[in-house]
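Enquirer: Quick one: this structure, given as structure tokens, is what I'll be asking you about.
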Number of protein chains: 2
Amino acid sequence: MGQLMGRARASLLNSLDAELERFGLNSAQLTVLKHLAEGSARTAADLCRQHRYDTGAMTRMLDRLEKRGLVRRERGREDRRVVLLRLAPQGRTLLPRLLAVGARVVDAHLGGFSTAEIGALKDYLRRMIENGQDRFPGSSSGS
Amino acid sequence: MGQLMGRARASLLNSLDAELERFGLNSAQLTVLKHLAEGSARTAADLCRQHRYDTGAMTRMLDRLEKRGLVRRERGREDRRVVLLRLAPQGRTLLPRLLAVGARVVDAHLGGFSTAEIGALKDYLRRMIENGQDRFPGSSSGS
DNA sequence: GCTTATTTGTTGCCAAGGCAGTAATATCGC
DNA sequence: GCGATATTACTGCCTTGGCAACAAATAAGC
């Protein structure tokens with residue numbers, strides 16, 4: 001079971017990484033850009049909590065995204081600890097194409113799935129996550 | 001969807017890693033030991049193909065397992081390129097307990113699942129893997 | 001107001017995988 | 001038999017995530 005999960009996820013991510021390679025990006029970076037565009041995260045700490053990511057790793061990932069001109073950092077004025085994150089113009093321009101690639105990869109992997117099956121799969125995954133949080137607190141849970 | 005898959009797998013693996021910590025091992029190492037015990041892999045190259053693992057990383061993982069006295073290496077006599085792998089006595093003794101831990105973690109994550117649901121989940125995952133191999137050859141496929 | 005605790009971001013260190021290159025051996029073509 | 005190619009394992013180099021320690025800033029306790 002664990003092996004199946006790993007291979008399914010690897011197939012998804014490897015395909016996505018391969019498709020994103022021509023943009024010089026990978027799936028983790030796309031996830032960050034997506035969250036910023038949606039407004040579901042405004043700071044590095046937000047991203048770490050949602051993505052269950054190490055803060056040090058996030059700092060360096062943002063370094064890379066900033067260096068490529070896709071993200072801008074700006075020190076917060078009210079709370080001067082935080083660094084507010086925004087998509088740079090180049091990132092905003094590029095993002096739609098990246099999201100299209102992502103949707104294509106996911107759709108391809110779900111080819112032949114009915115709507116009901118997709119719903120069931122998501123339900124199963126959510127229940128597994130919940131079981132894990134209940135029975136192994138701290139292993140992968142966050143807020 | 002990709003995020004759900006990632007979190008479900010992370011919950012599984014993080015829980016397993018946490019449980020295996022008291023043995024000084026992790027889930028990847030358990031996978032290797034399991035394959036060796038089952039006889040489904042006899043060499044490093046076997047493990048790499050089945051596990052989709054880098055050969056260099058596998059060499060170093062086997063170094064660690066050998067250093068801990070769980071695995072033995074032996075140069076092949078007929079084909080002197082290969083290094084035959086065997087469980088060391090200590091590994092053979094320890095493995096049942098490790099497998100019990102693994103089964104417990106998986107069972108916990110599948111708590112509340114009916115047999116039919118488990119079958120459906122596995123079916124979905126297999127179909128996703130197959131879709132990925134069909135439509136993104138080379139990304140994560142092997143033999 | 002002052003001290004303590006908490007949050008945020010950063011950096012150094014380590015672990016581990018991916019990739020490229022290499023040596024030893026084996027296999028195939030001829 | 002001999003050369004070209006492939007396979008196996010191994011070794012550096014690089015990237016990247018996790019952890020711990022840290023400084024700056026804020027919040028909480030009193």
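Chain identifiers are assigned as A, B, and so on, following the order in which chains appear in the structure tokens; residues are numbered from 1 within each chain, and ligands are numbered from 1 in order of appearance.
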What parts of range 46-97 of chain B does DSSP call alpha helix (DSSP H)? I'd like the answer as a list in words.
Expert: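 Taking range 46-97 of chain B and keeping alpha helix (DSSP H) only, one gets Asp46, Leu47, Cys48, Arg49, Gln50, His51, Thr55, Gly56, Ala57, Met58, Thr59, Arg60, Met61, Leu62, Asp63, Arg64, Leu65, Glu66, Lys67, Pro89, Gln90, Gly91, Arg92, Thr93, Leu94, Leu95, Pro96 and Arg97 of chain B.
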Enquirer: Would you mind listing what lies within 12 Å of DA21 in chain D as a list of chain:residue names, with only C-alpha atoms (C1' of nucleotides) counted and same-chain residues fewer than 6 positions away left out?
Expert: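 So the residues in contact are C:DT10, C:DT11, C:DG12, C:DC13.
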Enquirer: Could you write out, as a list in words, all the residues of chain B that DSSP marks as strand (DSSP E)?
Expert: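 Here is the list: Val71, Arg72, Arg73, Glu74, Arg75, Val83, Leu84, Leu85, Arg86 and Leu87 of chain B.
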Enquirer: Ranking A:Gly119, A:Gly76, A:Gly2, A:Gly112 by minimum distance to chain D and counting only C-alpha atoms (C1' of nucleotides), which one comes first?
Expert: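 For chain D, the nearest of the given residues is A:Gly76.
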Enquirer: Could you produce a table of the residues of chain B lying within 9 Å of chain D, with the nearest pair of atoms per residue and their separation in Å rounded to one decimal, using only C-alpha atoms (C1' of nucleotides), ordered by chain and increasing residue number, as a Markdown table?
Expert:
| residue | atom | partner | partner_atom | distance |
| --- | --- | --- | --- | --- |
| B:Ala44 | CA | D:DA9 | C1' | 8.1 |
| B:Ala45 | CA | D:DT8 | C1' | 7.2 |
| B:Thr55 | CA | D:DA9 | C1' | 7.9 |
| B:Gly56 | CA | D:DC10 | C1' | 7.2 |
| B:Thr59 | CA | D:DC10 | C1' | 7.2 |
| B:Arg81 | CA | D:DT8 | C1' | 5.3 |
| B:Val82 | CA | D:DT8 | C1' | 5.6 |
| B:Val83 | CA | D:DA9 | C1' | 7.6 |
Enquirer: Can you check which residues of chain B have any atom within 6 Å of chain A? Use only C-alpha atoms and format it as number ranges by chain.
Expert: B: 8, 11, 14-15, 109, 125, 128-129, 131-132, 139-140
Enquirer: Pull out every residue of chain B that has at least one atom within 8 Å of chain C, counting only C-alpha atoms (C1' of nucleotides), and report them as a list in words.
Expert: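 Close to chain C, chain B has Asp54, Ala57, Asp79, Arg80 and Arg81 of chain B.
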Enquirer: Taking 3 positions as the minimum chain separation for residues in the same chain, which residues sit within 6 Å of range 60-75 of chain A when counting only C-alpha atoms (C1' of nucleotides)? Answer as a ChimeraX atom specification.
Expert: /A:57,83-88,90-91
Enquirer: Can I have chain B aligned to chain A? Use a least-squares fit on all Cα atoms paired in order and write it out as a compact mmCIF listing (two decimals) with N, CA and C atoms, in the first residue's frame.
Expert:
# COMPACT_ATOMS: atom_id res chain seq x y z
N MET B 1 0.89 -1.09 0.11
CA MET B 1 0.04 0.12 0.10
C MET B 1 0.91 1.39 0.09
N GLY B 2 1.84 1.44 1.03
CA GLY B 2 2.74 2.59 1.04
C GLY B 2 3.51 2.71 -0.26
N GLN B 3 3.87 1.57 -0.80
CA GLN B 3 4.60 1.58 -2.05
C GLN B 3 3.74 2.10 -3.19
N LEU B 4 2.47 1.67 -3.22
CA LEU B 4 1.56 2.17 -4.25
C LEU B 4 1.40 3.67 -4.15
N MET B 5 1.18 4.14 -2.93
CA MET B 5 1.03 5.58 -2.73
C MET B 5 2.27 6.31 -3.24
N GLY B 6 3.42 5.78 -2.87
CA GLY B 6 4.65 6.42 -3.28
C GLY B 6 4.81 6.47 -4.79
N ARG B 7 4.48 5.36 -5.43
CA ARG B 7 4.66 5.34 -6.88
C ARG B 7 3.66 6.22 -7.58
N ALA B 8 2.41 6.23 -7.08
CA ALA B 8 1.40 7.10 -7.71
C ALA B 8 1.80 8.56 -7.57
N ARG B 9 2.24 8.90 -6.38
CA ARG B 9 2.65 10.29 -6.19
C ARG B 9 3.89 10.60 -7.01
N ALA B 10 4.83 9.67 -7.04
CA ALA B 10 6.04 9.90 -7.82
C ALA B 10 5.71 10.08 -9.29
N SER B 11 4.76 9.28 -9.78
CA SER B 11 4.39 9.41 -11.19
C SER B 11 3.83 10.79 -11.45
N LEU B 12 2.98 11.24 -10.54
CA LEU B 12 2.39 12.57 -10.68
C LEU B 12 3.47 13.65 -10.64
N LEU B 13 4.30 13.60 -9.62
CA LEU B 13 5.28 14.66 -9.45
C LEU B 13 6.38 14.60 -10.51
N ASN B 14 6.82 13.40 -10.85
CA ASN B 14 7.87 13.32 -11.86
C ASN B 14 7.36 13.81 -13.21
N SER B 15 6.12 13.46 -13.54
CA SER B 15 5.57 13.95 -14.80
C SER B 15 5.49 15.47 -14.78
N LEU B 16 5.03 15.99 -13.64
CA LEU B 16 4.89 17.45 -13.55
C LEU B 16 6.26 18.12 -13.61
N ASP B 17 7.22 17.56 -12.89
CA ASP B 17 8.56 18.13 -12.94
C ASP B 17 9.11 18.11 -14.35
N ALA B 18 8.89 17.00 -15.05
CA ALA B 18 9.40 16.90 -16.43
C ALA B 18 8.77 17.97 -17.31
N GLU B 19 7.47 18.21 -17.12
CA GLU B 19 6.78 19.19 -17.95
C GLU B 19 7.20 20.62 -17.59
N LEU B 20 7.52 20.81 -16.32
CA LEU B 20 7.89 22.17 -15.88
C LEU B 20 9.36 22.48 -16.15
N GLU B 21 10.09 21.47 -16.59
CA GLU B 21 11.52 21.67 -16.76
C GLU B 21 11.82 22.76 -17.79
N ARG B 22 10.99 22.83 -18.82
CA ARG B 22 11.27 23.84 -19.85
C ARG B 22 11.04 25.25 -19.35
N PHE B 23 10.38 25.39 -18.20
CA PHE B 23 10.26 26.71 -17.57
C PHE B 23 11.35 26.92 -16.53
N GLY B 24 12.17 25.90 -16.32
CA GLY B 24 13.21 26.00 -15.29
C GLY B 24 12.64 25.95 -13.89
N LEU B 25 11.50 25.30 -13.74
CA LEU B 25 10.85 25.23 -12.43
C LEU B 25 10.53 23.78 -12.08
N ASN B 26 10.07 23.57 -10.87
CA ASN B 26 9.63 22.24 -10.46
C ASN B 26 8.29 22.35 -9.73
N SER B 27 7.77 21.20 -9.34
CA SER B 27 6.42 21.17 -8.80
C SER B 27 6.31 21.91 -7.47
N ALA B 28 7.35 21.81 -6.64
CA ALA B 28 7.29 22.49 -5.36
C ALA B 28 7.20 24.01 -5.56
N GLN B 29 7.95 24.50 -6.51
CA GLN B 29 7.91 25.94 -6.76
C GLN B 29 6.56 26.36 -7.32
N LEU B 30 5.98 25.51 -8.17
CA LEU B 30 4.65 25.83 -8.68
C LEU B 30 3.64 25.92 -7.55
N THR B 31 3.75 24.99 -6.60
CA THR B 31 2.84 25.02 -5.46
C THR B 31 2.92 26.34 -4.72
N VAL B 32 4.14 26.81 -4.53
CA VAL B 32 4.32 28.08 -3.83
C VAL B 32 3.67 29.21 -4.63
N LEU B 33 3.96 29.26 -5.90
CA LEU B 33 3.40 30.35 -6.73
C LEU B 33 1.87 30.30 -6.70
N LYS B 34 1.33 29.10 -6.74
CA LYS B 34 -0.13 28.96 -6.74
C LYS B 34 -0.73 29.52 -5.45
N HIS B 35 -0.13 29.15 -4.34
CA HIS B 35 -0.64 29.65 -3.06
C HIS B 35 -0.57 31.18 -3.00
N LEU B 36 0.52 31.73 -3.49
CA LEU B 36 0.65 33.19 -3.45
C LEU B 36 -0.41 33.84 -4.35
N ALA B 37 -0.63 33.26 -5.51
CA ALA B 37 -1.60 33.85 -6.42
C ALA B 37 -3.01 33.78 -5.84
N GLU B 38 -3.31 32.71 -5.16
CA GLU B 38 -4.65 32.55 -4.60
C GLU B 38 -4.84 33.41 -3.36
N GLY B 39 -3.75 33.91 -2.80
CA GLY B 39 -3.86 34.67 -1.58
C GLY B 39 -4.02 33.81 -0.35
N SER B 40 -3.85 32.49 -0.51
CA SER B 40 -4.00 31.60 0.64
C SER B 40 -2.76 31.61 1.53
N ALA B 41 -1.72 32.30 1.09
CA ALA B 41 -0.53 32.46 1.92
C ALA B 41 0.09 33.81 1.57
N ARG B 42 0.50 34.52 2.61
CA ARG B 42 1.09 35.84 2.37
C ARG B 42 2.52 35.93 2.89
N THR B 43 2.93 34.97 3.72
CA THR B 43 4.28 35.00 4.29
C THR B 43 4.91 33.62 4.18
N ALA B 44 6.20 33.57 4.44
CA ALA B 44 6.91 32.29 4.41
C ALA B 44 6.35 31.34 5.46
N ALA B 45 6.02 31.88 6.62
CA ALA B 45 5.49 31.02 7.68
C ALA B 45 4.16 30.40 7.25
N ASP B 46 3.32 31.19 6.57
CA ASP B 46 2.07 30.62 6.05
C ASP B 46 2.35 29.41 5.17
N LEU B 47 3.26 29.60 4.23
CA LEU B 47 3.58 28.53 3.29
C LEU B 47 4.09 27.30 4.03
N CYS B 48 4.93 27.52 5.03
CA CYS B 48 5.49 26.39 5.77
C CYS B 48 4.40 25.61 6.48
N ARG B 49 3.46 26.32 7.08
CA ARG B 49 2.39 25.62 7.79
C ARG B 49 1.53 24.83 6.82
N GLN B 50 1.12 25.48 5.74
CA GLN B 50 0.22 24.81 4.82
C GLN B 50 0.90 23.66 4.08
N HIS B 51 2.14 23.87 3.75
CA HIS B 51 2.86 22.92 2.91
C HIS B 51 3.65 21.94 3.76
N ARG B 52 3.63 22.13 5.09
CA ARG B 52 4.42 21.31 5.99
C ARG B 52 5.87 21.27 5.55
N TYR B 53 6.44 22.43 5.54
CA TYR B 53 7.77 22.61 4.97
C TYR B 53 8.65 23.22 6.03
N ASP B 54 9.91 22.89 5.96
CA ASP B 54 10.87 23.46 6.90
C ASP B 54 11.06 24.95 6.60
N THR B 55 11.23 25.75 7.65
CA THR B 55 11.35 27.19 7.42
C THR B 55 12.66 27.53 6.72
N GLY B 56 13.72 26.82 7.07
CA GLY B 56 14.98 27.07 6.40
C GLY B 56 14.91 26.73 4.93
N ALA B 57 14.31 25.60 4.62
CA ALA B 57 14.16 25.21 3.21
C ALA B 57 13.31 26.23 2.47
N MET B 58 12.29 26.75 3.15
CA MET B 58 11.43 27.73 2.49
C MET B 58 12.19 29.02 2.19
N THR B 59 13.00 29.44 3.12
CA THR B 59 13.82 30.63 2.87
C THR B 59 14.63 30.46 1.60
N ARG B 60 15.26 29.30 1.47
CA ARG B 60 16.11 29.09 0.30
C ARG B 60 15.29 28.93 -0.98
N MET B 61 14.11 28.30 -0.86
CA MET B 61 13.27 28.19 -2.05
C MET B 61 12.83 29.58 -2.51
N LEU B 62 12.48 30.45 -1.55
CA LEU B 62 12.09 31.81 -1.92
C LEU B 62 13.28 32.57 -2.49
N ASP B 63 14.48 32.29 -1.98
CA ASP B 63 15.66 32.89 -2.60
C ASP B 63 15.71 32.57 -4.09
N ARG B 64 15.47 31.30 -4.40
CA ARG B 64 15.56 30.89 -5.80
C ARG B 64 14.47 31.56 -6.63
N LEU B 65 13.26 31.58 -6.09
CA LEU B 65 12.16 32.17 -6.84
C LEU B 65 12.37 33.67 -7.02
N GLU B 66 12.95 34.30 -6.00
CA GLU B 66 13.21 35.73 -6.11
C GLU B 66 14.29 36.00 -7.14
N LYS B 67 15.30 35.15 -7.12
CA LYS B 67 16.41 35.33 -8.07
C LYS B 67 15.93 35.18 -9.51
N ARG B 68 14.93 34.34 -9.71
CA ARG B 68 14.39 34.17 -11.06
C ARG B 68 13.34 35.21 -11.41
N GLY B 69 13.10 36.12 -10.50
CA GLY B 69 12.21 37.22 -10.81
C GLY B 69 10.74 36.85 -10.78
N LEU B 70 10.39 35.80 -10.05
CA LEU B 70 8.99 35.36 -10.02
C LEU B 70 8.27 35.83 -8.76
N VAL B 71 9.05 36.16 -7.74
CA VAL B 71 8.46 36.52 -6.45
C VAL B 71 9.19 37.74 -5.92
N ARG B 72 8.44 38.58 -5.20
CA ARG B 72 9.06 39.74 -4.55
C ARG B 72 8.89 39.64 -3.05
N ARG B 73 9.93 40.02 -2.33
CA ARG B 73 9.85 40.09 -0.88
C ARG B 73 9.72 41.55 -0.47
N GLU B 74 8.96 41.75 0.60
CA GLU B 74 8.83 43.11 1.11
C GLU B 74 8.61 43.03 2.62
N ARG B 75 9.46 43.71 3.36
CA ARG B 75 9.34 43.69 4.82
C ARG B 75 8.00 44.29 5.26
N GLY B 76 7.33 43.56 6.16
CA GLY B 76 6.04 44.03 6.64
C GLY B 76 6.17 45.32 7.42
N ARG B 77 5.22 46.23 7.24
CA ARG B 77 5.32 47.52 7.92
C ARG B 77 4.68 47.47 9.31
N GLU B 78 3.57 46.79 9.42
CA GLU B 78 2.95 46.73 10.74
C GLU B 78 3.69 45.75 11.66
N ASP B 79 3.92 44.55 11.14
CA ASP B 79 4.70 43.56 11.88
C ASP B 79 6.03 43.39 11.16
N ARG B 80 7.06 43.99 11.76
CA ARG B 80 8.32 44.03 11.04
C ARG B 80 9.10 42.73 11.10
N ARG B 81 8.54 41.68 11.71
CA ARG B 81 9.21 40.38 11.64
C ARG B 81 8.96 39.73 10.29
N VAL B 82 7.73 39.85 9.81
CA VAL B 82 7.32 39.08 8.63
C VAL B 82 7.86 39.70 7.35
N VAL B 83 7.99 38.86 6.36
CA VAL B 83 8.34 39.30 5.02
C VAL B 83 7.15 38.95 4.13
N LEU B 84 6.49 39.99 3.65
CA LEU B 84 5.33 39.76 2.79
C LEU B 84 5.78 39.32 1.41
N LEU B 85 5.06 38.35 0.88
CA LEU B 85 5.42 37.79 -0.42
C LEU B 85 4.38 38.17 -1.44
N ARG B 86 4.87 38.52 -2.64
CA ARG B 86 3.96 38.82 -3.74
C ARG B 86 4.52 38.23 -5.01
N LEU B 87 3.62 37.91 -5.91
CA LEU B 87 4.07 37.49 -7.23
C LEU B 87 4.67 38.70 -7.94
N ALA B 88 5.82 38.54 -8.53
CA ALA B 88 6.37 39.58 -9.39
C ALA B 88 5.62 39.55 -10.72
N PRO B 89 5.66 40.64 -11.47
CA PRO B 89 4.94 40.68 -12.75
C PRO B 89 5.26 39.47 -13.63
N GLN B 90 6.53 39.13 -13.69
CA GLN B 90 6.91 37.98 -14.52
C GLN B 90 6.24 36.69 -14.03
N GLY B 91 6.17 36.53 -12.71
CA GLY B 91 5.49 35.36 -12.17
C GLY B 91 4.01 35.37 -12.50
N ARG B 92 3.42 36.56 -12.40
CA ARG B 92 1.99 36.67 -12.68
C ARG B 92 1.70 36.34 -14.14
N THR B 93 2.62 36.70 -15.00
CA THR B 93 2.44 36.41 -16.42
C THR B 93 2.59 34.92 -16.70
N LEU B 94 3.55 34.33 -16.03
CA LEU B 94 3.88 32.93 -16.32
C LEU B 94 2.89 31.95 -15.72
N LEU B 95 2.32 32.31 -14.58
CA LEU B 95 1.55 31.34 -13.80
C LEU B 95 0.44 30.63 -14.58
N PRO B 96 -0.37 31.34 -15.37
CA PRO B 96 -1.45 30.62 -16.06
C PRO B 96 -0.93 29.45 -16.89
N ARG B 97 0.19 29.66 -17.55
CA ARG B 97 0.72 28.56 -18.35
C ARG B 97 1.15 27.40 -17.46
N LEU B 98 1.74 27.73 -16.32
CA LEU B 98 2.18 26.68 -15.40
C LEU B 98 0.98 25.89 -14.88
N LEU B 99 -0.07 26.63 -14.53
CA LEU B 99 -1.25 25.94 -14.00
C LEU B 99 -1.88 25.06 -15.05
N ALA B 100 -1.85 25.52 -16.31
CA ALA B 100 -2.40 24.69 -17.39
C ALA B 100 -1.63 23.38 -17.51
N VAL B 101 -0.30 23.49 -17.39
CA VAL B 101 0.52 22.27 -17.42
C VAL B 101 0.13 21.34 -16.28
N GLY B 102 -0.01 21.91 -15.08
CA GLY B 102 -0.38 21.10 -13.93
C GLY B 102 -1.70 20.40 -14.12
N ALA B 103 -2.68 21.13 -14.61
CA ALA B 103 -4.00 20.54 -14.82
C ALA B 103 -3.91 19.41 -15.85
N ARG B 104 -3.10 19.63 -16.87
CA ARG B 104 -2.98 18.61 -17.90
C ARG B 104 -2.38 17.32 -17.33
N VAL B 105 -1.38 17.46 -16.50
CA VAL B 105 -0.75 16.27 -15.92
C VAL B 105 -1.73 15.53 -15.02
N VAL B 106 -2.44 16.28 -14.18
CA VAL B 106 -3.39 15.61 -13.29
C VAL B 106 -4.49 14.94 -14.10
N ASP B 107 -5.01 15.64 -15.09
CA ASP B 107 -6.06 15.05 -15.91
C ASP B 107 -5.59 13.77 -16.59
N ALA B 108 -4.34 13.81 -17.06
CA ALA B 108 -3.82 12.62 -17.74
C ALA B 108 -3.77 11.44 -16.78
N HIS B 109 -3.35 11.71 -15.55
CA HIS B 109 -3.25 10.62 -14.58
C HIS B 109 -4.63 10.11 -14.17
N LEU B 110 -5.62 10.97 -14.27
CA LEU B 110 -6.98 10.56 -13.89
C LEU B 110 -7.79 10.16 -15.12
N GLY B 111 -7.12 9.92 -16.22
CA GLY B 111 -7.82 9.50 -17.43
C GLY B 111 -8.57 8.19 -17.20
N GLY B 112 -9.82 8.15 -17.59
CA GLY B 112 -10.62 6.94 -17.38
C GLY B 112 -11.32 6.89 -16.04
N PHE B 113 -11.08 7.92 -15.22
CA PHE B 113 -11.77 7.98 -13.93
C PHE B 113 -13.11 8.69 -14.11
N SER B 114 -14.14 8.14 -13.52
CA SER B 114 -15.42 8.85 -13.49
C SER B 114 -15.38 9.91 -12.39
N THR B 115 -16.33 10.83 -12.47
CA THR B 115 -16.40 11.86 -11.43
C THR B 115 -16.57 11.23 -10.05
N ALA B 116 -17.38 10.18 -10.00
CA ALA B 116 -17.60 9.52 -8.71
C ALA B 116 -16.31 8.89 -8.20
N GLU B 117 -15.53 8.33 -9.10
CA GLU B 117 -14.29 7.69 -8.66
C GLU B 117 -13.29 8.72 -8.15
N ILE B 118 -13.24 9.85 -8.83
CA ILE B 118 -12.34 10.90 -8.36
C ILE B 118 -12.76 11.36 -6.96
N GLY B 119 -14.07 11.51 -6.79
CA GLY B 119 -14.57 11.91 -5.48
C GLY B 119 -14.22 10.88 -4.42
N ALA B 120 -14.37 9.61 -4.77
CA ALA B 120 -14.08 8.54 -3.81
C ALA B 120 -12.59 8.56 -3.45
N LEU B 121 -11.75 8.72 -4.46
CA LEU B 121 -10.30 8.73 -4.21
C LEU B 121 -9.93 9.86 -3.25
N LYS B 122 -10.48 11.04 -3.53
CA LYS B 122 -10.18 12.17 -2.64
C LYS B 122 -10.68 11.88 -1.22
N ASP B 123 -11.85 11.29 -1.14
CA ASP B 123 -12.40 10.96 0.17
C ASP B 123 -11.49 10.00 0.92
N TYR B 124 -11.01 8.98 0.22
CA TYR B 124 -10.13 8.01 0.87
C TYR B 124 -8.86 8.70 1.38
N LEU B 125 -8.30 9.55 0.54
CA LEU B 125 -7.05 10.20 0.94
C LEU B 125 -7.27 11.08 2.17
N ARG B 126 -8.39 11.80 2.15
CA ARG B 126 -8.67 12.67 3.30
C ARG B 126 -8.83 11.85 4.56
N ARG B 127 -9.51 10.72 4.43
CA ARG B 127 -9.71 9.88 5.63
C ARG B 127 -8.38 9.33 6.13
N MET B 128 -7.50 8.97 5.20
CA MET B 128 -6.19 8.48 5.64
C MET B 128 -5.43 9.56 6.39
N ILE B 129 -5.49 10.78 5.86
CA ILE B 129 -4.78 11.88 6.52
C ILE B 129 -5.35 12.08 7.92
N GLU B 130 -6.68 12.06 7.99
CA GLU B 130 -7.32 12.28 9.29
C GLU B 130 -6.94 11.17 10.27
N ASN B 131 -6.97 9.93 9.80
CA ASN B 131 -6.56 8.83 10.67
C ASN B 131 -5.14 9.04 11.19
N GLY B 132 -4.26 9.49 10.29
CA GLY B 132 -2.88 9.69 10.70
C GLY B 132 -2.76 10.77 11.75
N GLN B 133 -3.53 11.85 11.56
CA GLN B 133 -3.46 12.93 12.54
C GLN B 133 -4.01 12.48 13.89
N ASP B 134 -5.06 11.66 13.84
CA ASP B 134 -5.64 11.20 15.09
C ASP B 134 -4.71 10.28 15.85
N ARG B 135 -4.09 9.35 15.12
CA ARG B 135 -3.41 8.27 15.81
C ARG B 135 -1.91 8.48 15.94
N PHE B 136 -1.36 9.38 15.13
CA PHE B 136 0.07 9.64 15.26
C PHE B 136 0.28 11.15 15.35
N PRO B 137 -0.22 11.76 16.41
CA PRO B 137 -0.13 13.22 16.49
C PRO B 137 1.32 13.66 16.48
N GLY B 138 1.59 14.70 15.73
CA GLY B 138 2.94 15.25 15.67
C GLY B 138 3.75 14.71 14.52
N SER B 139 3.36 13.56 13.98
CA SER B 139 4.15 13.00 12.89
C SER B 139 4.09 13.89 11.67
N SER B 140 2.89 14.26 11.28
CA SER B 140 2.80 15.08 10.08
C SER B 140 1.68 16.10 10.21
N SER B 141 1.13 16.21 11.38
CA SER B 141 0.01 17.13 11.52
C SER B 141 0.53 18.52 11.87
N GLY B 142 -0.31 19.45 11.67
CA GLY B 142 0.08 20.81 11.98
C GLY B 142 -1.03 21.48 12.75
N SER B 143 -1.63 22.51 12.15
CA SER B 143 -2.69 23.21 12.84
C SER B 143 -3.99 22.48 12.66
